$ cat final38.cif   # mmCIF, N, CA and C atoms
data_protein
loop_
_atom_site.label_atom_id
_atom_site.label_comp_id
_atom_site.auth_asym_id
_atom_site.auth_seq_id
_atom_site.Cartn_x
_atom_site.Cartn_y
_atom_site.Cartn_z
N MET A 1 9.24 15.60 2.03
CA MET A 1 9.32 14.16 2.14
C MET A 1 9.67 13.60 0.76
N GLY A 2 10.62 12.68 0.73
CA GLY A 2 11.04 12.10 -0.52
C GLY A 2 10.14 10.96 -0.97
N VAL A 3 10.42 10.52 -2.17
CA VAL A 3 9.61 9.47 -2.79
C VAL A 3 9.66 8.18 -1.96
N TYR A 4 10.85 7.78 -1.56
CA TYR A 4 10.96 6.53 -0.83
C TYR A 4 10.39 6.63 0.59
N GLU A 5 10.46 7.83 1.17
CA GLU A 5 9.84 8.01 2.48
C GLU A 5 8.33 7.84 2.37
N SER A 6 7.75 8.39 1.31
CA SER A 6 6.31 8.24 1.09
C SER A 6 5.94 6.78 0.87
N GLN A 7 6.77 6.09 0.11
CA GLN A 7 6.52 4.67 -0.13
C GLN A 7 6.59 3.90 1.18
N GLY A 8 7.56 4.24 2.01
CA GLY A 8 7.69 3.57 3.31
C GLY A 8 6.49 3.83 4.21
N ARG A 9 5.98 5.07 4.20
CA ARG A 9 4.81 5.39 5.01
C ARG A 9 3.59 4.62 4.52
N LEU A 10 3.43 4.52 3.21
CA LEU A 10 2.32 3.76 2.64
C LEU A 10 2.40 2.30 3.04
N THR A 11 3.58 1.72 2.89
CA THR A 11 3.78 0.31 3.22
C THR A 11 3.53 0.06 4.71
N LYS A 12 4.05 0.95 5.55
CA LYS A 12 3.86 0.80 6.99
C LYS A 12 2.39 0.91 7.38
N ALA A 13 1.69 1.87 6.79
CA ALA A 13 0.27 2.05 7.10
C ALA A 13 -0.53 0.83 6.65
N TYR A 14 -0.20 0.28 5.49
CA TYR A 14 -0.92 -0.89 5.00
C TYR A 14 -0.66 -2.11 5.88
N LYS A 15 0.57 -2.28 6.31
CA LYS A 15 0.88 -3.40 7.21
C LYS A 15 0.13 -3.25 8.54
N MET A 16 0.02 -2.01 9.02
CA MET A 16 -0.73 -1.77 10.25
C MET A 16 -2.20 -2.11 10.05
N LEU A 17 -2.74 -1.73 8.91
CA LEU A 17 -4.14 -2.07 8.59
C LEU A 17 -4.33 -3.58 8.55
N GLN A 18 -3.41 -4.29 7.91
CA GLN A 18 -3.51 -5.74 7.84
C GLN A 18 -3.47 -6.36 9.24
N THR A 19 -2.58 -5.87 10.09
CA THR A 19 -2.47 -6.39 11.46
C THR A 19 -3.77 -6.15 12.22
N ARG A 20 -4.29 -4.95 12.11
CA ARG A 20 -5.54 -4.64 12.81
C ARG A 20 -6.70 -5.46 12.26
N TRP A 21 -6.72 -5.66 10.95
CA TRP A 21 -7.80 -6.45 10.36
C TRP A 21 -7.74 -7.89 10.87
N MET A 22 -6.56 -8.45 10.99
CA MET A 22 -6.44 -9.81 11.50
C MET A 22 -6.96 -9.89 12.94
N GLN A 23 -6.69 -8.87 13.73
CA GLN A 23 -7.19 -8.84 15.10
C GLN A 23 -8.72 -8.76 15.12
N ILE A 24 -9.25 -7.88 14.30
CA ILE A 24 -10.71 -7.71 14.24
C ILE A 24 -11.37 -8.96 13.67
N HIS A 25 -10.77 -9.50 12.62
CA HIS A 25 -11.36 -10.64 11.91
C HIS A 25 -11.42 -11.89 12.81
N SER A 26 -10.52 -11.97 13.77
CA SER A 26 -10.56 -13.14 14.66
C SER A 26 -11.83 -13.14 15.52
N GLY A 27 -12.39 -11.95 15.78
CA GLY A 27 -13.62 -11.88 16.55
C GLY A 27 -14.85 -11.62 15.71
N TRP A 28 -14.65 -11.22 14.47
CA TRP A 28 -15.75 -10.92 13.56
C TRP A 28 -15.55 -11.77 12.31
N ASN A 29 -15.97 -13.00 12.39
CA ASN A 29 -15.72 -13.95 11.32
C ASN A 29 -17.05 -14.51 10.84
N ASP A 30 -17.73 -13.73 10.01
CA ASP A 30 -19.00 -14.18 9.45
C ASP A 30 -19.07 -13.74 7.99
N SER A 31 -20.22 -13.92 7.37
CA SER A 31 -20.33 -13.59 5.95
C SER A 31 -20.16 -12.09 5.70
N ALA A 32 -20.58 -11.25 6.66
CA ALA A 32 -20.40 -9.80 6.49
C ALA A 32 -18.93 -9.42 6.49
N SER A 33 -18.15 -10.04 7.36
CA SER A 33 -16.71 -9.74 7.38
C SER A 33 -16.04 -10.25 6.10
N ASP A 34 -16.50 -11.40 5.60
CA ASP A 34 -15.96 -11.90 4.34
C ASP A 34 -16.27 -10.95 3.19
N ARG A 35 -17.50 -10.43 3.16
CA ARG A 35 -17.88 -9.47 2.11
C ARG A 35 -17.06 -8.18 2.23
N PHE A 36 -16.83 -7.72 3.46
CA PHE A 36 -16.02 -6.53 3.67
C PHE A 36 -14.61 -6.76 3.15
N GLN A 37 -14.05 -7.90 3.48
CA GLN A 37 -12.69 -8.21 3.03
C GLN A 37 -12.63 -8.26 1.50
N GLU A 38 -13.58 -8.91 0.89
CA GLU A 38 -13.59 -9.02 -0.57
C GLU A 38 -13.83 -7.68 -1.25
N ALA A 39 -14.72 -6.87 -0.68
CA ALA A 39 -15.09 -5.60 -1.32
C ALA A 39 -14.06 -4.50 -1.11
N PHE A 40 -13.37 -4.50 0.03
CA PHE A 40 -12.51 -3.37 0.34
C PHE A 40 -11.04 -3.74 0.52
N LEU A 41 -10.77 -4.79 1.27
CA LEU A 41 -9.38 -5.08 1.60
C LEU A 41 -8.62 -5.75 0.47
N GLU A 42 -9.25 -6.68 -0.22
CA GLU A 42 -8.55 -7.33 -1.33
C GLU A 42 -8.23 -6.36 -2.46
N PRO A 43 -9.17 -5.50 -2.87
CA PRO A 43 -8.81 -4.51 -3.89
C PRO A 43 -7.73 -3.53 -3.41
N LEU A 44 -7.77 -3.20 -2.13
CA LEU A 44 -6.77 -2.29 -1.57
C LEU A 44 -5.39 -2.91 -1.65
N ASP A 45 -5.28 -4.20 -1.44
CA ASP A 45 -4.00 -4.89 -1.54
C ASP A 45 -3.41 -4.70 -2.93
N ALA A 46 -4.20 -4.91 -3.95
CA ALA A 46 -3.72 -4.73 -5.32
C ALA A 46 -3.36 -3.26 -5.58
N ASP A 47 -4.14 -2.34 -5.05
CA ASP A 47 -3.87 -0.92 -5.23
C ASP A 47 -2.56 -0.50 -4.56
N VAL A 48 -2.31 -1.01 -3.38
CA VAL A 48 -1.07 -0.67 -2.67
C VAL A 48 0.13 -1.24 -3.41
N ARG A 49 0.00 -2.47 -3.89
CA ARG A 49 1.11 -3.04 -4.67
C ARG A 49 1.36 -2.23 -5.93
N GLY A 50 0.28 -1.83 -6.61
CA GLY A 50 0.42 -1.00 -7.81
C GLY A 50 1.04 0.35 -7.51
N ALA A 51 0.64 0.96 -6.41
CA ALA A 51 1.21 2.25 -6.02
C ALA A 51 2.69 2.12 -5.69
N THR A 52 3.05 1.03 -5.03
CA THR A 52 4.46 0.81 -4.70
C THR A 52 5.30 0.67 -5.97
N LEU A 53 4.80 -0.06 -6.93
CA LEU A 53 5.52 -0.18 -8.21
C LEU A 53 5.61 1.16 -8.92
N ALA A 54 4.53 1.93 -8.88
CA ALA A 54 4.53 3.24 -9.52
C ALA A 54 5.53 4.18 -8.84
N ILE A 55 5.61 4.11 -7.52
CA ILE A 55 6.56 4.94 -6.79
C ILE A 55 7.99 4.55 -7.16
N ASP A 56 8.26 3.26 -7.29
CA ASP A 56 9.59 2.81 -7.73
C ASP A 56 9.93 3.39 -9.10
N HIS A 57 8.97 3.34 -10.00
CA HIS A 57 9.19 3.87 -11.35
C HIS A 57 9.41 5.39 -11.29
N LEU A 58 8.61 6.08 -10.51
CA LEU A 58 8.75 7.53 -10.37
C LEU A 58 10.12 7.89 -9.81
N ALA A 59 10.58 7.15 -8.83
CA ALA A 59 11.90 7.41 -8.26
C ALA A 59 12.99 7.27 -9.32
N SER A 60 12.86 6.26 -10.16
CA SER A 60 13.83 6.05 -11.24
C SER A 60 13.79 7.23 -12.23
N VAL A 61 12.60 7.67 -12.57
CA VAL A 61 12.46 8.80 -13.50
C VAL A 61 13.07 10.06 -12.89
N LEU A 62 12.80 10.28 -11.62
CA LEU A 62 13.35 11.47 -10.96
C LEU A 62 14.88 11.45 -10.90
N VAL A 63 15.46 10.30 -10.69
CA VAL A 63 16.92 10.18 -10.71
C VAL A 63 17.45 10.56 -12.07
N ASN A 64 16.80 10.06 -13.13
CA ASN A 64 17.23 10.39 -14.48
C ASN A 64 17.07 11.87 -14.78
N VAL A 65 15.98 12.47 -14.35
CA VAL A 65 15.75 13.90 -14.58
C VAL A 65 16.81 14.71 -13.86
N LYS A 66 17.09 14.36 -12.62
CA LYS A 66 18.10 15.08 -11.86
C LYS A 66 19.47 14.96 -12.55
N ARG A 67 19.81 13.77 -13.00
CA ARG A 67 21.09 13.56 -13.67
C ARG A 67 21.17 14.37 -14.96
N ASP A 68 20.07 14.42 -15.72
CA ASP A 68 20.04 15.16 -16.96
C ASP A 68 20.13 16.67 -16.75
N CYS A 69 19.69 17.14 -15.61
CA CYS A 69 19.71 18.58 -15.32
C CYS A 69 21.03 19.06 -14.75
N GLU A 70 21.90 18.14 -14.41
CA GLU A 70 23.19 18.54 -13.83
C GLU A 70 24.20 18.86 -14.89
#
$ encode --input "final38.cif" --output "structure tokens"
Amino acid sequence: MGVYESQGRLTKAYKMLQTRWMQIHSGWNDSASDRFQEAFLEPLDADVRGATLAIDHLASVLVNVKRDCE
């Protein structure tokens, strides 16, 4: 699996999680769900964005390495 395929799988899985959370949150909307969102989902959002940026950078580095090795 290539770098961009992995990035796509990560993005797709995160979007699926967000969709499911919105479905769950519509029926579970209390202080416990707010704490869950703050403790787990909000940090995960930042982590996924950071991973996506890192994957973009890695892909660029790999292109340069491949070009240098040819």
$ atom_distance --input "final38.cif" --atom1 "atom CA of A:Gln18" --atom2 "atom CA of A:His57"
24.9 Å
$ atom_distance --input "final38.cif" --atom1 "atom CA of A:Thr52" --atom2 "atom N of A:Leu17"
15.6 Å
$ closest_residue --input "final38.cif" --among "A:Ile55, A:His25, A:Asn64, A:Gln37" --to "A:Ser6" --atoms "only N, CA and C atoms"
A:Ile55
$ residues_around --input "final38.cif" --residues "stretch 8-14 of chain A" --least-positions-apart "5" --cutoff "8 Å" --atoms "only N, CA and C atoms" --output "tab-separated table (two decimals) with N, CA and C atoms, in the coordinates of the input"
chain	number	residue	atom	x	y	z
A	2	GLY	N	10.62	12.68	0.73
A	2	GLY	CA	11.04	12.10	-0.52
A	2	GLY	C	10.14	10.96	-0.97
A	3	VAL	N	10.42	10.52	-2.17
A	3	VAL	CA	9.61	9.47	-2.79
A	3	VAL	C	9.66	8.18	-1.96
A	19	THR	N	-2.58	-5.87	10.09
A	19	THR	CA	-2.47	-6.39	11.46
A	19	THR	C	-3.77	-6.15	12.22
A	20	ARG	N	-4.29	-4.95	12.11
A	20	ARG	CA	-5.54	-4.64	12.81
A	20	ARG	C	-6.70	-5.46	12.26
A	48	VAL	N	-2.31	-1.01	-3.38
A	48	VAL	CA	-1.07	-0.67	-2.67
A	48	VAL	C	0.13	-1.24	-3.41
A	52	THR	N	3.05	1.03	-5.03
A	52	THR	CA	4.46	0.81	-4.70
A	52	THR	C	5.30	0.67	-5.97
$ atom_distance --input "final38.cif" --atom1 "atom CA of A:Tyr4" --atom2 "atom CA of A:Asp56"
8.0 Å
$ select_by_dssp --input "final38.cif" --residues "stretch 9-60 of chain A" --states "alpha helix (DSSP H)" --output "PDB file with N, CA and C atoms, in the coordinates of the input"
ATOM      1  N   ARG A   9       5.980   5.070   4.200  1.00  0.00           N
ATOM      2  CA  ARG A   9       4.810   5.390   5.010  1.00  0.00           C
ATOM      3  C   ARG A   9       3.590   4.620   4.520  1.00  0.00           C
ATOM      4  N   LEU A  10       3.430   4.520   3.210  1.00  0.00           N
ATOM      5  CA  LEU A  10       2.320   3.760   2.640  1.00  0.00           C
ATOM      6  C   LEU A  10       2.400   2.300   3.040  1.00  0.00           C
ATOM      7  N   THR A  11       3.580   1.720   2.890  1.00  0.00           N
ATOM      8  CA  THR A  11       3.780   0.310   3.220  1.00  0.00           C
ATOM      9  C   THR A  11       3.530   0.060   4.710  1.00  0.00           C
ATOM     10  N   LYS A  12       4.050   0.950   5.550  1.00  0.00           N
ATOM     11  CA  LYS A  12       3.860   0.800   6.990  1.00  0.00           C
ATOM     12  C   LYS A  12       2.390   0.910   7.380  1.00  0.00           C
ATOM     13  N   ALA A  13       1.690   1.870   6.790  1.00  0.00           N
ATOM     14  CA  ALA A  13       0.270   2.050   7.100  1.00  0.00           C
ATOM     15  C   ALA A  13      -0.530   0.830   6.650  1.00  0.00           C
ATOM     16  N   TYR A  14      -0.200   0.280   5.490  1.00  0.00           N
ATOM     17  CA  TYR A  14      -0.920  -0.890   5.000  1.00  0.00           C
ATOM     18  C   TYR A  14      -0.660  -2.110   5.880  1.00  0.00           C
ATOM     19  N   LYS A  15       0.570  -2.280   6.310  1.00  0.00           N
ATOM     20  CA  LYS A  15       0.880  -3.400   7.210  1.00  0.00           C
ATOM     21  C   LYS A  15       0.130  -3.250   8.540  1.00  0.00           C
ATOM     22  N   MET A  16       0.020  -2.010   9.020  1.00  0.00           N
ATOM     23  CA  MET A  16      -0.730  -1.770  10.250  1.00  0.00           C
ATOM     24  C   MET A  16      -2.200  -2.110  10.050  1.00  0.00           C
ATOM     25  N   LEU A  17      -2.740  -1.730   8.910  1.00  0.00           N
ATOM     26  CA  LEU A  17      -4.140  -2.070   8.590  1.00  0.00           C
ATOM     27  C   LEU A  17      -4.330  -3.580   8.550  1.00  0.00           C
ATOM     28  N   GLN A  18      -3.410  -4.290   7.910  1.00  0.00           N
ATOM     29  CA  GLN A  18      -3.510  -5.740   7.840  1.00  0.00           C
ATOM     30  C   GLN A  18      -3.470  -6.360   9.240  1.00  0.00           C
ATOM     31  N   THR A  19      -2.580  -5.870  10.090  1.00  0.00           N
ATOM     32  CA  THR A  19      -2.470  -6.390  11.460  1.00  0.00           C
ATOM     33  C   THR A  19      -3.770  -6.150  12.220  1.00  0.00           C
ATOM     34  N   ARG A  20      -4.290  -4.950  12.110  1.00  0.00           N
ATOM     35  CA  ARG A  20      -5.540  -4.640  12.810  1.00  0.00           C
ATOM     36  C   ARG A  20      -6.700  -5.460  12.260  1.00  0.00           C
ATOM     37  N   TRP A  21      -6.720  -5.660  10.950  1.00  0.00           N
ATOM     38  CA  TRP A  21      -7.800  -6.450  10.360  1.00  0.00           C
ATOM     39  C   TRP A  21      -7.740  -7.890  10.870  1.00  0.00           C
ATOM     40  N   MET A  22      -6.560  -8.450  10.990  1.00  0.00           N
ATOM     41  CA  MET A  22      -6.440  -9.810  11.500  1.00  0.00           C
ATOM     42  C   MET A  22      -6.960  -9.890  12.940  1.00  0.00           C
ATOM     43  N   GLN A  23      -6.690  -8.870  13.730  1.00  0.00           N
ATOM     44  CA  GLN A  23      -7.190  -8.840  15.100  1.00  0.00           C
ATOM     45  C   GLN A  23      -8.720  -8.760  15.120  1.00  0.00           C
ATOM     46  N   ILE A  24      -9.250  -7.880  14.300  1.00  0.00           N
ATOM     47  CA  ILE A  24     -10.710  -7.710  14.240  1.00  0.00           C
ATOM     48  C   ILE A  24     -11.370  -8.960  13.670  1.00  0.00           C
ATOM     49  N   HIS A  25     -10.770  -9.500  12.620  1.00  0.00           N
ATOM     50  CA  HIS A  25     -11.360 -10.640  11.910  1.00  0.00           C
ATOM     51  C   HIS A  25     -11.420 -11.890  12.810  1.00  0.00           C
ATOM     52  N   SER A  26     -10.520 -11.970  13.770  1.00  0.00           N
ATOM     53  CA  SER A  26     -10.560 -13.140  14.660  1.00  0.00           C
ATOM     54  C   SER A  26     -11.830 -13.140  15.520  1.00  0.00           C
ATOM     55  N   GLY A  27     -12.390 -11.950  15.780  1.00  0.00           N
ATOM     56  CA  GLY A  27     -13.620 -11.880  16.550  1.00  0.00           C
ATOM     57  C   GLY A  27     -14.850 -11.620  15.710  1.00  0.00           C
ATOM     58  N   SER A  31     -20.220 -13.920   7.370  1.00  0.00           N
ATOM     59  CA  SER A  31     -20.330 -13.590   5.950  1.00  0.00           C
ATOM     60  C   SER A  31     -20.160 -12.090   5.700  1.00  0.00           C
ATOM     61  N   ALA A  32     -20.580 -11.250   6.660  1.00  0.00           N
ATOM     62  CA  ALA A  32     -20.400  -9.800   6.490  1.00  0.00           C
ATOM     63  C   ALA A  32     -18.930  -9.420   6.490  1.00  0.00           C
ATOM     64  N   SER A  33     -18.150 -10.040   7.360  1.00  0.00           N
ATOM     65  CA  SER A  33     -16.710  -9.740   7.380  1.00  0.00           C
ATOM     66  C   SER A  33     -16.040 -10.250   6.100  1.00  0.00           C
ATOM     67  N   ASP A  34     -16.500 -11.400   5.600  1.00  0.00           N
ATOM     68  CA  ASP A  34     -15.960 -11.900   4.340  1.00  0.00           C
ATOM     69  C   ASP A  34     -16.270 -10.950   3.190  1.00  0.00           C
ATOM     70  N   ARG A  35     -17.500 -10.430   3.160  1.00  0.00           N
ATOM     71  CA  ARG A  35     -17.880  -9.470   2.110  1.00  0.00           C
ATOM     72  C   ARG A  35     -17.060  -8.180   2.230  1.00  0.00           C
ATOM     73  N   PHE A  36     -16.830  -7.720   3.460  1.00  0.00           N
ATOM     74  CA  PHE A  36     -16.020  -6.530   3.670  1.00  0.00           C
ATOM     75  C   PHE A  36     -14.610  -6.760   3.150  1.00  0.00           C
ATOM     76  N   GLU A  42      -9.250  -6.680  -0.220  1.00  0.00           N
ATOM     77  CA  GLU A  42      -8.550  -7.330  -1.330  1.00  0.00           C
ATOM     78  C   GLU A  42      -8.230  -6.360  -2.460  1.00  0.00           C
ATOM     79  N   PRO A  43      -9.170  -5.500  -2.870  1.00  0.00           N
ATOM     80  CA  PRO A  43      -8.810  -4.510  -3.890  1.00  0.00           C
ATOM     81  C   PRO A  43      -7.730  -3.530  -3.410  1.00  0.00           C
ATOM     82  N   LEU A  44      -7.770  -3.200  -2.130  1.00  0.00           N
ATOM     83  CA  LEU A  44      -6.770  -2.290  -1.570  1.00  0.00           C
ATOM     84  C   LEU A  44      -5.390  -2.910  -1.650  1.00  0.00           C
ATOM     85  N   ASP A  45      -5.280  -4.200  -1.440  1.00  0.00           N
ATOM     86  CA  ASP A  45      -4.000  -4.890  -1.540  1.00  0.00           C
ATOM     87  C   ASP A  45      -3.410  -4.700  -2.930  1.00  0.00           C
ATOM     88  N   ALA A  46      -4.200  -4.910  -3.950  1.00  0.00           N
ATOM     89  CA  ALA A  46      -3.720  -4.730  -5.320  1.00  0.00           C
ATOM     90  C   ALA A  46      -3.360  -3.260  -5.580  1.00  0.00           C
ATOM     91  N   ASP A  47      -4.140  -2.340  -5.050  1.00  0.00           N
ATOM     92  CA  ASP A  47      -3.870  -0.920  -5.230  1.00  0.00           C
ATOM     93  C   ASP A  47      -2.560  -0.500  -4.560  1.00  0.00           C
ATOM     94  N   VAL A  48      -2.310  -1.010  -3.380  1.00  0.00           N
ATOM     95  CA  VAL A  48      -1.070  -0.670  -2.670  1.00  0.00           C
ATOM     96  C   VAL A  48       0.130  -1.240  -3.410  1.00  0.00           C
ATOM     97  N   ARG A  49       0.000  -2.470  -3.890  1.00  0.00           N
ATOM     98  CA  ARG A  49       1.110  -3.040  -4.670  1.00  0.00           C
ATOM     99  C   ARG A  49       1.360  -2.230  -5.930  1.00  0.00           C
ATOM    100  N   GLY A  50       0.280  -1.830  -6.610  1.00  0.00           N
ATOM    101  CA  GLY A  50       0.420  -1.000  -7.810  1.00  0.00           C
ATOM    102  C   GLY A  50       1.040   0.350  -7.510  1.00  0.00           C
ATOM    103  N   ALA A  51       0.640   0.960  -6.410  1.00  0.00           N
ATOM    104  CA  ALA A  51       1.210   2.250  -6.020  1.00  0.00           C
ATOM    105  C   ALA A  51       2.690   2.120  -5.690  1.00  0.00           C
ATOM    106  N   THR A  52       3.050   1.030  -5.030  1.00  0.00           N
ATOM    107  CA  THR A  52       4.460   0.810  -4.700  1.00  0.00           C
ATOM    108  C   THR A  52       5.300   0.670  -5.970  1.00  0.00           C
ATOM    109  N   LEU A  53       4.800  -0.060  -6.930  1.00  0.00           N
ATOM    110  CA  LEU A  53       5.520  -0.180  -8.210  1.00  0.00           C
ATOM    111  C   LEU A  53       5.610   1.160  -8.920  1.00  0.00           C
ATOM    112  N   ALA A  54       4.530   1.930  -8.880  1.00  0.00           N
ATOM    113  CA  ALA A  54       4.530   3.240  -9.520  1.00  0.00           C
ATOM    114  C   ALA A  54       5.530   4.180  -8.840  1.00  0.00           C
ATOM    115  N   ILE A  55       5.610   4.110  -7.520  1.00  0.00           N
ATOM    116  CA  ILE A  55       6.560   4.940  -6.790  1.00  0.00           C
ATOM    117  C   ILE A  55       7.990   4.550  -7.160  1.00  0.00           C
ATOM    118  N   ASP A  56       8.260   3.260  -7.290  1.00  0.00           N
ATOM    119  CA  ASP A  56       9.590   2.810  -7.730  1.00  0.00           C
ATOM    120  C   ASP A  56       9.930   3.390  -9.100  1.00  0.00           C
ATOM    121  N   HIS A  57       8.970   3.340 -10.000  1.00  0.00           N
ATOM    122  CA  HIS A  57       9.190   3.870 -11.350  1.00  0.00           C
ATOM    123  C   HIS A  57       9.410   5.390 -11.290  1.00  0.00           C
ATOM    124  N   LEU A  58       8.610   6.080 -10.510  1.00  0.00           N
ATOM    125  CA  LEU A  58       8.750   7.530 -10.370  1.00  0.00           C
ATOM    126  C   LEU A  58      10.120   7.890  -9.810  1.00  0.00           C
ATOM    127  N   ALA A  59      10.580   7.150  -8.830  1.00  0.00           N
ATOM    128  CA  ALA A  59      11.900   7.410  -8.260  1.00  0.00           C
ATOM    129  C   ALA A  59      12.990   7.270  -9.320  1.00  0.00           C
ATOM    130  N   SER A  60      12.860   6.260 -10.160  1.00  0.00           N
ATOM    131  CA  SER A  60      13.830   6.050 -11.240  1.00  0.00           C
ATOM    132  C   SER A  60      13.790   7.230 -12.230  1.00  0.00           C
TER     133      SER A  60
END
$ closest_residue --input "final38.cif" --among "A:Ala39, A:Ala51, A:Ile24, A:Ala46" --to "A:Gln7" --atoms "only N, CA and C atoms"
A:Ala51
